[in-house]
>>> print(open('my_file_20.cif').read())   # mmCIF, N, CA, C and O atoms
data_query
loop_
_atom_site.label_atom_id
_atom_site.label_comp_id
_atom_site.auth_asym_id
_atom_site.auth_seq_id
_atom_site.Cartn_x
_atom_site.Cartn_y
_atom_site.Cartn_z
N MET A 1 3.71 -80.58 32.94
CA MET A 1 5.04 -80.74 32.42
C MET A 1 5.12 -80.09 31.04
O MET A 1 4.16 -80.12 30.28
N LYS A 2 6.25 -79.51 30.73
CA LYS A 2 6.41 -78.84 29.45
C LYS A 2 6.05 -79.78 28.30
O LYS A 2 6.48 -80.92 28.27
N GLY A 3 5.22 -79.28 27.39
CA GLY A 3 4.81 -80.07 26.24
C GLY A 3 3.42 -80.66 26.38
O GLY A 3 2.82 -81.06 25.40
N ASP A 4 2.91 -80.75 27.61
CA ASP A 4 1.53 -81.20 27.80
C ASP A 4 0.61 -80.26 27.04
O ASP A 4 0.85 -79.05 27.00
N ARG A 5 -0.44 -80.80 26.43
CA ARG A 5 -1.35 -79.92 25.72
C ARG A 5 -2.77 -80.48 25.76
O ARG A 5 -2.98 -81.67 25.95
N VAL A 6 -3.71 -79.57 25.57
CA VAL A 6 -5.11 -79.92 25.51
C VAL A 6 -5.68 -79.29 24.25
O VAL A 6 -5.47 -78.11 23.99
N GLU A 7 -6.36 -80.11 23.44
CA GLU A 7 -7.03 -79.62 22.24
C GLU A 7 -8.52 -79.53 22.53
O GLU A 7 -9.10 -80.47 23.08
N ILE A 8 -9.14 -78.43 22.15
CA ILE A 8 -10.57 -78.22 22.35
C ILE A 8 -11.20 -77.97 20.99
O ILE A 8 -10.78 -77.06 20.27
N VAL A 9 -12.19 -78.78 20.63
CA VAL A 9 -12.93 -78.60 19.38
C VAL A 9 -14.29 -78.01 19.75
O VAL A 9 -15.02 -78.58 20.56
N VAL A 10 -14.60 -76.84 19.15
CA VAL A 10 -15.80 -76.10 19.51
C VAL A 10 -16.69 -75.92 18.29
O VAL A 10 -16.20 -75.65 17.18
N ASP A 11 -18.00 -76.06 18.49
CA ASP A 11 -18.99 -75.81 17.45
C ASP A 11 -19.12 -74.30 17.28
O ASP A 11 -19.48 -73.60 18.22
N ALA A 12 -18.83 -73.80 16.09
CA ALA A 12 -18.90 -72.37 15.81
C ALA A 12 -20.01 -72.07 14.81
O ALA A 12 -19.84 -71.29 13.87
N GLY A 13 -21.16 -72.71 14.98
CA GLY A 13 -22.27 -72.48 14.07
C GLY A 13 -22.20 -73.40 12.88
O GLY A 13 -22.53 -74.58 12.97
N ASP A 14 -21.75 -72.91 11.74
CA ASP A 14 -21.68 -73.71 10.53
C ASP A 14 -20.36 -74.46 10.37
O ASP A 14 -20.18 -75.20 9.41
N THR A 15 -19.43 -74.27 11.27
CA THR A 15 -18.13 -74.92 11.19
C THR A 15 -17.64 -75.26 12.60
O THR A 15 -18.31 -74.97 13.59
N THR A 16 -16.47 -75.88 12.68
CA THR A 16 -15.85 -76.13 13.98
C THR A 16 -14.53 -75.39 14.05
O THR A 16 -13.89 -75.14 13.03
N ARG A 17 -14.13 -75.09 15.26
CA ARG A 17 -12.82 -74.45 15.48
C ARG A 17 -12.06 -75.27 16.51
O ARG A 17 -12.65 -75.79 17.45
N THR A 18 -10.76 -75.35 16.30
CA THR A 18 -9.91 -76.10 17.22
C THR A 18 -8.95 -75.14 17.91
O THR A 18 -8.31 -74.32 17.27
N TYR A 19 -8.88 -75.27 19.22
CA TYR A 19 -7.98 -74.45 20.03
C TYR A 19 -7.04 -75.38 20.78
O TYR A 19 -7.39 -76.51 21.08
N GLU A 20 -5.83 -74.90 21.08
CA GLU A 20 -4.84 -75.66 21.84
C GLU A 20 -4.33 -74.82 22.99
O GLU A 20 -4.04 -73.63 22.82
N VAL A 21 -4.20 -75.44 24.15
CA VAL A 21 -3.52 -74.82 25.28
C VAL A 21 -2.34 -75.73 25.58
O VAL A 21 -2.51 -76.92 25.82
N VAL A 22 -1.12 -75.16 25.56
CA VAL A 22 0.11 -75.94 25.71
C VAL A 22 0.89 -75.43 26.91
O VAL A 22 0.99 -74.22 27.13
N ALA A 23 1.46 -76.36 27.68
CA ALA A 23 2.37 -75.98 28.76
C ALA A 23 3.68 -75.56 28.10
O ALA A 23 4.43 -76.40 27.61
N SER A 24 3.92 -74.27 28.04
CA SER A 24 4.99 -73.73 27.21
C SER A 24 6.38 -73.74 27.84
O SER A 24 7.37 -73.65 27.13
N ARG A 25 6.46 -73.85 29.16
CA ARG A 25 7.77 -73.79 29.81
C ARG A 25 7.91 -74.95 30.80
O ARG A 25 6.93 -75.56 31.21
N ALA A 26 9.14 -75.22 31.19
CA ALA A 26 9.40 -76.30 32.14
C ALA A 26 8.71 -76.00 33.47
O ALA A 26 8.68 -74.86 33.93
N GLY A 27 8.14 -77.03 34.07
CA GLY A 27 7.49 -76.87 35.36
C GLY A 27 6.03 -76.46 35.28
O GLY A 27 5.36 -76.35 36.30
N ARG A 28 5.52 -76.23 34.10
CA ARG A 28 4.12 -75.85 33.96
C ARG A 28 3.30 -77.06 33.53
O ARG A 28 3.80 -78.00 32.95
N ARG A 29 2.01 -77.01 33.85
CA ARG A 29 1.10 -78.08 33.48
C ARG A 29 -0.20 -77.47 33.00
O ARG A 29 -0.46 -76.29 33.20
N VAL A 30 -1.02 -78.30 32.36
CA VAL A 30 -2.32 -77.84 31.86
C VAL A 30 -3.40 -78.56 32.66
O VAL A 30 -3.37 -79.78 32.81
N GLU A 31 -4.34 -77.79 33.22
CA GLU A 31 -5.44 -78.35 34.00
C GLU A 31 -6.77 -78.03 33.33
O GLU A 31 -6.93 -76.95 32.76
N THR A 32 -7.71 -78.96 33.42
CA THR A 32 -9.05 -78.73 32.87
C THR A 32 -10.07 -78.82 33.99
O THR A 32 -9.89 -79.57 34.96
N ALA A 33 -11.14 -78.04 33.85
CA ALA A 33 -12.23 -78.06 34.84
C ALA A 33 -13.53 -77.73 34.12
O ALA A 33 -13.55 -76.94 33.18
N VAL A 34 -14.61 -78.37 34.57
CA VAL A 34 -15.94 -78.07 34.05
C VAL A 34 -16.77 -77.58 35.24
O VAL A 34 -17.00 -78.32 36.19
N ARG A 35 -17.19 -76.31 35.17
CA ARG A 35 -17.95 -75.71 36.27
C ARG A 35 -19.09 -74.88 35.71
O ARG A 35 -18.87 -74.04 34.84
N ARG A 36 -20.28 -75.13 36.19
CA ARG A 36 -21.46 -74.32 35.89
C ARG A 36 -21.64 -74.07 34.39
O ARG A 36 -21.90 -72.95 33.95
N GLY A 37 -21.47 -75.10 33.61
CA GLY A 37 -21.69 -74.97 32.16
C GLY A 37 -20.55 -74.34 31.40
O GLY A 37 -20.70 -73.98 30.24
N VAL A 38 -19.38 -74.22 32.02
CA VAL A 38 -18.21 -73.62 31.36
C VAL A 38 -17.04 -74.59 31.47
O VAL A 38 -16.74 -75.12 32.54
N VAL A 39 -16.38 -74.84 30.34
CA VAL A 39 -15.16 -75.65 30.32
C VAL A 39 -14.00 -74.68 30.41
O VAL A 39 -13.89 -73.75 29.61
N GLU A 40 -13.13 -74.90 31.39
CA GLU A 40 -12.00 -74.00 31.62
C GLU A 40 -10.71 -74.79 31.52
O GLU A 40 -10.54 -75.81 32.18
N VAL A 41 -9.80 -74.35 30.66
CA VAL A 41 -8.50 -74.99 30.47
C VAL A 41 -7.44 -73.95 30.83
O VAL A 41 -7.40 -72.87 30.25
N SER A 42 -6.58 -74.30 31.81
CA SER A 42 -5.59 -73.33 32.31
C SER A 42 -4.18 -73.89 32.27
O SER A 42 -3.97 -75.07 32.52
N GLU A 43 -3.24 -73.00 32.00
CA GLU A 43 -1.81 -73.33 32.13
C GLU A 43 -1.40 -72.83 33.51
O GLU A 43 -1.62 -71.68 33.85
N VAL A 44 -0.81 -73.74 34.31
CA VAL A 44 -0.53 -73.45 35.72
C VAL A 44 0.94 -73.69 36.02
O VAL A 44 1.54 -74.64 35.51
N THR A 45 1.53 -72.84 36.86
CA THR A 45 2.93 -73.00 37.27
C THR A 45 3.03 -74.02 38.39
O THR A 45 2.03 -74.49 38.91
N ARG A 46 4.24 -74.33 38.80
CA ARG A 46 4.46 -75.28 39.90
C ARG A 46 3.81 -74.81 41.19
O ARG A 46 3.30 -75.60 41.96
N SER A 47 3.85 -73.51 41.43
CA SER A 47 3.28 -72.97 42.67
C SER A 47 1.77 -72.84 42.63
O SER A 47 1.15 -72.50 43.63
N GLY A 48 1.15 -73.11 41.48
CA GLY A 48 -0.30 -73.06 41.38
C GLY A 48 -0.85 -71.77 40.80
O GLY A 48 -2.06 -71.61 40.69
N SER A 49 0.02 -70.86 40.40
CA SER A 49 -0.43 -69.60 39.78
C SER A 49 -0.88 -69.86 38.35
O SER A 49 -0.19 -70.53 37.59
N VAL A 50 -2.02 -69.30 37.99
CA VAL A 50 -2.55 -69.48 36.64
C VAL A 50 -1.86 -68.48 35.71
O VAL A 50 -1.83 -67.28 35.98
N VAL A 51 -1.30 -68.99 34.61
CA VAL A 51 -0.61 -68.15 33.63
C VAL A 51 -1.61 -67.63 32.60
O VAL A 51 -1.64 -66.45 32.29
N ARG A 52 -2.43 -68.55 32.07
CA ARG A 52 -3.46 -68.16 31.11
C ARG A 52 -4.59 -69.17 31.17
O ARG A 52 -4.41 -70.31 31.55
N THR A 53 -5.77 -68.71 30.76
CA THR A 53 -6.97 -69.54 30.83
C THR A 53 -7.79 -69.37 29.56
O THR A 53 -7.91 -68.27 29.05
N ALA A 54 -8.34 -70.48 29.09
CA ALA A 54 -9.28 -70.46 27.96
C ALA A 54 -10.61 -70.98 28.49
O ALA A 54 -10.65 -72.01 29.16
N ARG A 55 -11.71 -70.26 28.21
CA ARG A 55 -13.03 -70.66 28.68
C ARG A 55 -13.97 -70.85 27.50
O ARG A 55 -13.98 -70.03 26.58
N PHE A 56 -14.77 -71.93 27.55
CA PHE A 56 -15.72 -72.23 26.50
C PHE A 56 -17.03 -72.66 27.12
O PHE A 56 -17.05 -73.28 28.19
N MET A 57 -18.14 -72.35 26.45
CA MET A 57 -19.44 -72.82 26.90
C MET A 57 -19.48 -74.34 26.71
O MET A 57 -19.18 -74.84 25.62
N ALA A 58 -19.87 -75.07 27.73
CA ALA A 58 -19.86 -76.53 27.68
C ALA A 58 -20.80 -77.06 26.59
O ALA A 58 -20.52 -78.11 26.00
N THR A 59 -21.87 -76.36 26.31
CA THR A 59 -22.80 -76.83 25.29
C THR A 59 -22.21 -76.74 23.89
O THR A 59 -22.70 -77.41 22.98
N ARG A 60 -21.18 -75.93 23.69
CA ARG A 60 -20.54 -75.77 22.38
C ARG A 60 -19.32 -76.66 22.18
O ARG A 60 -18.81 -76.79 21.08
N VAL A 61 -18.81 -77.25 23.25
CA VAL A 61 -17.59 -78.08 23.16
C VAL A 61 -17.96 -79.44 22.60
O VAL A 61 -18.80 -80.15 23.14
N LEU A 62 -17.34 -79.80 21.48
CA LEU A 62 -17.57 -81.10 20.85
C LEU A 62 -16.58 -82.15 21.34
O LEU A 62 -16.93 -83.32 21.49
N ALA A 63 -15.34 -81.74 21.57
CA ALA A 63 -14.31 -82.68 22.02
C ALA A 63 -13.27 -81.94 22.85
O ALA A 63 -12.95 -80.78 22.59
N LEU A 64 -12.77 -82.65 23.85
CA LEU A 64 -11.71 -82.13 24.71
C LEU A 64 -10.68 -83.26 24.81
O LEU A 64 -10.96 -84.30 25.40
N VAL A 65 -9.52 -83.07 24.20
CA VAL A 65 -8.51 -84.13 24.12
C VAL A 65 -7.28 -83.70 24.88
O VAL A 65 -6.62 -82.72 24.52
N GLU A 66 -6.95 -84.45 25.95
CA GLU A 66 -5.74 -84.18 26.72
C GLU A 66 -4.62 -85.04 26.16
O GLU A 66 -4.78 -86.25 26.02
N GLN A 67 -3.49 -84.41 25.84
CA GLN A 67 -2.36 -85.13 25.26
C GLN A 67 -1.11 -84.88 26.11
O GLN A 67 -0.36 -83.94 25.86
N PRO A 68 -0.88 -85.74 27.11
CA PRO A 68 0.30 -85.56 27.95
C PRO A 68 1.57 -85.97 27.21
O PRO A 68 1.53 -86.80 26.31
N VAL A 69 2.67 -85.39 27.63
CA VAL A 69 3.97 -85.76 27.07
C VAL A 69 4.33 -87.13 27.63
O VAL A 69 4.13 -87.38 28.82
N PRO A 70 4.81 -88.05 26.82
CA PRO A 70 5.20 -89.36 27.35
C PRO A 70 6.30 -89.19 28.39
O PRO A 70 7.31 -88.54 28.15
N ARG A 71 6.07 -89.75 29.56
CA ARG A 71 7.03 -89.64 30.65
C ARG A 71 7.78 -90.95 30.77
O ARG A 71 7.21 -92.02 30.64
N GLU A 72 9.06 -90.86 31.06
CA GLU A 72 9.88 -92.05 31.20
C GLU A 72 9.73 -92.55 32.63
O GLU A 72 10.07 -91.86 33.58
N ASP A 73 9.22 -93.75 32.77
CA ASP A 73 8.99 -94.35 34.08
C ASP A 73 10.21 -95.18 34.47
O ASP A 73 10.77 -95.89 33.64
N ALA A 74 10.58 -95.13 35.73
CA ALA A 74 11.76 -95.87 36.19
C ALA A 74 11.59 -97.37 36.02
O ALA A 74 12.55 -98.09 35.79
N SER A 75 10.34 -97.86 36.10
CA SER A 75 10.11 -99.30 35.98
C SER A 75 10.24 -99.79 34.54
O SER A 75 10.39 -100.97 34.30
N GLU A 76 10.19 -98.90 33.58
CA GLU A 76 10.27 -99.28 32.17
C GLU A 76 11.70 -99.26 31.64
O GLU A 76 11.97 -99.77 30.57
N ARG A 77 12.61 -98.64 32.37
CA ARG A 77 14.00 -98.58 31.92
C ARG A 77 14.68 -99.93 32.11
O ARG A 77 14.46 -100.61 33.11
N PRO A 78 15.56 -100.31 31.19
CA PRO A 78 16.28 -101.57 31.38
C PRO A 78 17.26 -101.47 32.54
O PRO A 78 17.80 -100.38 32.82
N LEU A 79 17.44 -102.56 33.24
CA LEU A 79 18.37 -102.57 34.38
C LEU A 79 19.81 -102.49 33.85
O LEU A 79 20.16 -103.13 32.87
N GLN A 80 20.59 -101.70 34.55
CA GLN A 80 22.00 -101.60 34.18
C GLN A 80 22.77 -102.61 35.02
O GLN A 80 22.66 -102.65 36.24
N GLU A 81 23.57 -103.41 34.34
CA GLU A 81 24.36 -104.42 35.06
C GLU A 81 25.73 -103.85 35.35
O GLU A 81 26.30 -103.10 34.55
N GLY A 82 26.24 -104.19 36.50
CA GLY A 82 27.55 -103.73 36.92
C GLY A 82 28.65 -104.48 36.19
O GLY A 82 28.40 -105.44 35.44
N PRO A 83 29.90 -104.08 36.40
CA PRO A 83 31.04 -104.77 35.75
C PRO A 83 31.16 -106.20 36.27
O PRO A 83 30.94 -106.48 37.45
N GLU A 84 31.47 -107.10 35.37
CA GLU A 84 31.64 -108.49 35.76
C GLU A 84 32.99 -108.70 36.38
O GLU A 84 33.99 -108.19 35.93
N ALA A 85 33.03 -109.50 37.47
CA ALA A 85 34.30 -109.71 38.18
C ALA A 85 34.95 -111.00 37.78
O ALA A 85 34.47 -111.90 37.28
#
>>> encode(input="my_file_20.cif", output="structure tokens")
Amino acid sequence: MKGDRVEIVVDAGDTTRTYEVVASRAGRRVETAVRRGVVEVSEVTRSGSVVRTARFMATRVLALVEQPVPREDASERPLQEGPEA
């Protein structure tokens, strides 16, 4: 969903670097995967097409923080009462 983001903190030797991958448009989402020692963070469309991907060596990743956009749940909304007769 637009606004979803993932922050990746990577060890860069003597310092750390922070990267962000953000779902930039409506209908896109951010997916993470760890495969064969590589952390992969991708922005994906509704149809499953990858728009962009960031890859990091898993041994260098210090933190991976997923920050979803708060979604409004139907069960949390107050009930609307009809007109009184």
>>> resolve_selection(input="my_file_20.cif", expression="the PyMOL selection byres (((chain A and resi 4 and name CA) around 6) and name CA)", output="ChimeraX atom specification")
/A:1-3,5,22-23,68-69
>>> closest_residue(input="my_file_20.cif", among="A:Arg60, A:Arg52, A:Arg46, A:Arg17", to="A:Arg29", atoms="only C-alpha atoms")
A:Arg46
>>> closest_residue(input="my_file_20.cif", among="A:Val65, A:Met57, A:Val21, A:Val9", to="A:Gly37", atoms="only N, CA, C and O atoms")
A:Met57
>>> resolve_selection(input="my_file_20.cif", expression="the PyMOL selection byres (((chain A and resi 32 and name CA) around 9) and name CA)", output="PyMOL selection string")
chain A and resi 6+30-31+33-34+39-42+66
>>> atom_distance(input="my_file_20.cif", atom1="atom C of A:Ile8", atom2="atom CA of A:Leu62")
7.1 Å
>>> axis_aligned_box(input="my_file_20.cif", around="stretch 4-13 of chain A", padding_each_side="4 Å", output="lines of an AutoDock Vina configuration file")
center_x = -9.8
center_y = -76.5
center_z = 20.3
size_x = 33.4
size_y = 18.4
size_z = 22.9
>>> select_by_dssp(input="my_file_20.cif", residues="chain A", states="strand (DSSP E or B)", output="ChimeraX atom specification")
/A:5-11,16-22,29-35,38-44,50-57,61-67
>>> atom_distance(input="my_file_20.cif", atom1="atom CA of A:Val38", atom2="atom CA of A:Leu64")
12.6 Å
>>> closest_residue(input="my_file_20.cif", among="A:Glu7, A:Glu20, A:Asp14, A:Gly27", to="A:Ser47", atoms="only N, CA, C and O atoms")
A:Gly27
>>> closest_residue(input="my_file_20.cif", among="A:Arg55, A:Ala63, A:Thr16, A:Val10", to="A:Arg35", atoms="only C-alpha atoms")
A:Arg55
>>> atom_distance(input="my_file_20.cif", atom1="atom O of A:Thr45", atom2="atom C of A:Tyr19")
20.3 Å
>>> decode(input="my_file_20.cif", residues="stretch 2-80 of chain A", atoms="C-alpha atoms", output="PDB file, in the first residue's frame")
ATOM      1  CA  LYS A   2       1.239   3.496  -0.763  1.00  0.00           C
ATOM      2  CA  GLY A   3       3.383   4.784   2.078  1.00  0.00           C
ATOM      3  CA  ASP A   4       4.611   1.392   3.280  1.00  0.00           C
ATOM      4  CA  ARG A   5       8.340   1.511   3.818  1.00  0.00           C
ATOM      5  CA  VAL A   6      11.273  -0.583   4.917  1.00  0.00           C
ATOM      6  CA  GLU A   7      14.390   0.863   6.534  1.00  0.00           C
ATOM      7  CA  ILE A   8      17.644  -1.087   6.223  1.00  0.00           C
ATOM      8  CA  VAL A   9      20.647  -0.275   8.433  1.00  0.00           C
ATOM      9  CA  VAL A  10      23.900  -1.621   6.979  1.00  0.00           C
ATOM     10  CA  ASP A  11      27.406  -1.883   8.455  1.00  0.00           C
ATOM     11  CA  ALA A  12      29.688   0.097   6.134  1.00  0.00           C
ATOM     12  CA  GLY A  13      33.001  -0.599   7.862  1.00  0.00           C
ATOM     13  CA  ASP A  14      33.651   2.271  10.262  1.00  0.00           C
ATOM     14  CA  THR A  15      30.106   3.657  10.078  1.00  0.00           C
ATOM     15  CA  THR A  16      26.523   2.633   9.349  1.00  0.00           C
ATOM     16  CA  ARG A  17      24.308   3.607   6.446  1.00  0.00           C
ATOM     17  CA  THR A  18      20.540   3.700   6.365  1.00  0.00           C
ATOM     18  CA  TYR A  19      18.526   2.987   3.241  1.00  0.00           C
ATOM     19  CA  GLU A  20      14.758   3.239   2.686  1.00  0.00           C
ATOM     20  CA  VAL A  21      12.531   1.522   0.163  1.00  0.00           C
ATOM     21  CA  VAL A  22       9.080   3.159  -0.023  1.00  0.00           C
ATOM     22  CA  ALA A  23       5.920   2.147  -1.870  1.00  0.00           C
ATOM     23  CA  SER A  24       5.716   5.352  -3.874  1.00  0.00           C
ATOM     24  CA  ARG A  25       2.372   4.986  -5.657  1.00  0.00           C
ATOM     25  CA  ALA A  26      -1.109   3.685  -4.901  1.00  0.00           C
ATOM     26  CA  GLY A  27      -1.445  -0.078  -5.243  1.00  0.00           C
ATOM     27  CA  ARG A  28       2.224  -0.818  -4.637  1.00  0.00           C
ATOM     28  CA  ARG A  29       3.693  -2.679  -1.694  1.00  0.00           C
ATOM     29  CA  VAL A  30       7.136  -3.437  -0.306  1.00  0.00           C
ATOM     30  CA  GLU A  31       8.249  -7.065   0.076  1.00  0.00           C
ATOM     31  CA  THR A  32      11.321  -8.433   1.841  1.00  0.00           C
ATOM     32  CA  ALA A  33      13.098 -11.743   1.287  1.00  0.00           C
ATOM     33  CA  VAL A  34      16.255 -13.369   2.621  1.00  0.00           C
ATOM     34  CA  ARG A  35      17.817 -15.843   0.178  1.00  0.00           C
ATOM     35  CA  ARG A  36      21.276 -17.394   0.077  1.00  0.00           C
ATOM     36  CA  GLY A  37      22.900 -14.770   2.268  1.00  0.00           C
ATOM     37  CA  VAL A  38      21.283 -11.804   0.502  1.00  0.00           C
ATOM     38  CA  VAL A  39      18.544  -9.548   1.880  1.00  0.00           C
ATOM     39  CA  GLU A  40      16.307  -8.337  -0.944  1.00  0.00           C
ATOM     40  CA  VAL A  41      13.759  -5.534  -0.540  1.00  0.00           C
ATOM     41  CA  SER A  42      11.470  -4.899  -3.530  1.00  0.00           C
ATOM     42  CA  GLU A  43       8.712  -2.483  -4.469  1.00  0.00           C
ATOM     43  CA  VAL A  44       6.003  -4.522  -6.210  1.00  0.00           C
ATOM     44  CA  THR A  45       2.878  -3.557  -8.183  1.00  0.00           C
ATOM     45  CA  ARG A  46      -0.565  -5.109  -7.724  1.00  0.00           C
ATOM     46  CA  SER A  47       0.086  -7.531 -10.570  1.00  0.00           C
ATOM     47  CA  GLY A  48       3.348  -8.699  -8.992  1.00  0.00           C
ATOM     48  CA  SER A  49       5.786  -6.884 -11.282  1.00  0.00           C
ATOM     49  CA  VAL A  50       8.917  -5.691  -9.504  1.00  0.00           C
ATOM     50  CA  VAL A  51       9.483  -1.945  -9.910  1.00  0.00           C
ATOM     51  CA  ARG A  52      12.811  -1.698  -8.081  1.00  0.00           C
ATOM     52  CA  THR A  53      14.943  -3.853  -5.825  1.00  0.00           C
ATOM     53  CA  ALA A  54      17.614  -3.192  -3.207  1.00  0.00           C
ATOM     54  CA  ARG A  55      20.003  -6.040  -2.323  1.00  0.00           C
ATOM     55  CA  PHE A  56      22.330  -6.258   0.675  1.00  0.00           C
ATOM     56  CA  MET A  57      24.675  -8.923   2.017  1.00  0.00           C
ATOM     57  CA  ALA A  58      22.918 -10.488   5.014  1.00  0.00           C
ATOM     58  CA  THR A  59      26.119 -10.454   7.067  1.00  0.00           C
ATOM     59  CA  ARG A  60      26.273  -6.637   6.765  1.00  0.00           C
ATOM     60  CA  VAL A  61      22.623  -5.909   7.645  1.00  0.00           C
ATOM     61  CA  LEU A  62      22.303  -4.675  11.231  1.00  0.00           C
ATOM     62  CA  ALA A  63      18.566  -3.923  11.230  1.00  0.00           C
ATOM     63  CA  LEU A  64      15.593  -4.346   8.935  1.00  0.00           C
ATOM     64  CA  VAL A  65      12.548  -2.345  10.061  1.00  0.00           C
ATOM     65  CA  GLU A  66       9.211  -2.704   8.266  1.00  0.00           C
ATOM     66  CA  GLN A  67       6.912   0.274   8.798  1.00  0.00           C
ATOM     67  CA  PRO A  68       3.448  -0.295   7.321  1.00  0.00           C
ATOM     68  CA  VAL A  69       1.010   2.557   6.886  1.00  0.00           C
ATOM     69  CA  PRO A  70      -1.707   2.397   9.564  1.00  0.00           C
ATOM     70  CA  ARG A  71      -4.759   0.878   7.926  1.00  0.00           C
ATOM     71  CA  GLU A  72      -8.280   1.705   9.020  1.00  0.00           C
ATOM     72  CA  ASP A  73     -10.021  -1.499  10.040  1.00  0.00           C
ATOM     73  CA  ALA A  74     -13.796  -1.759   9.732  1.00  0.00           C
ATOM     74  CA  SER A  75     -14.040  -3.247  13.237  1.00  0.00           C
ATOM     75  CA  GLU A  76     -12.359  -0.188  14.775  1.00  0.00           C
ATOM     76  CA  ARG A  77     -14.721   2.385  13.277  1.00  0.00           C
ATOM     77  CA  PRO A  78     -17.569   3.602  15.489  1.00  0.00           C
ATOM     78  CA  LEU A  79     -21.011   2.345  14.532  1.00  0.00           C
ATOM     79  CA  GLN A  80     -23.197   4.863  12.801  1.00  0.00           C
TER      80      GLN A  80
END
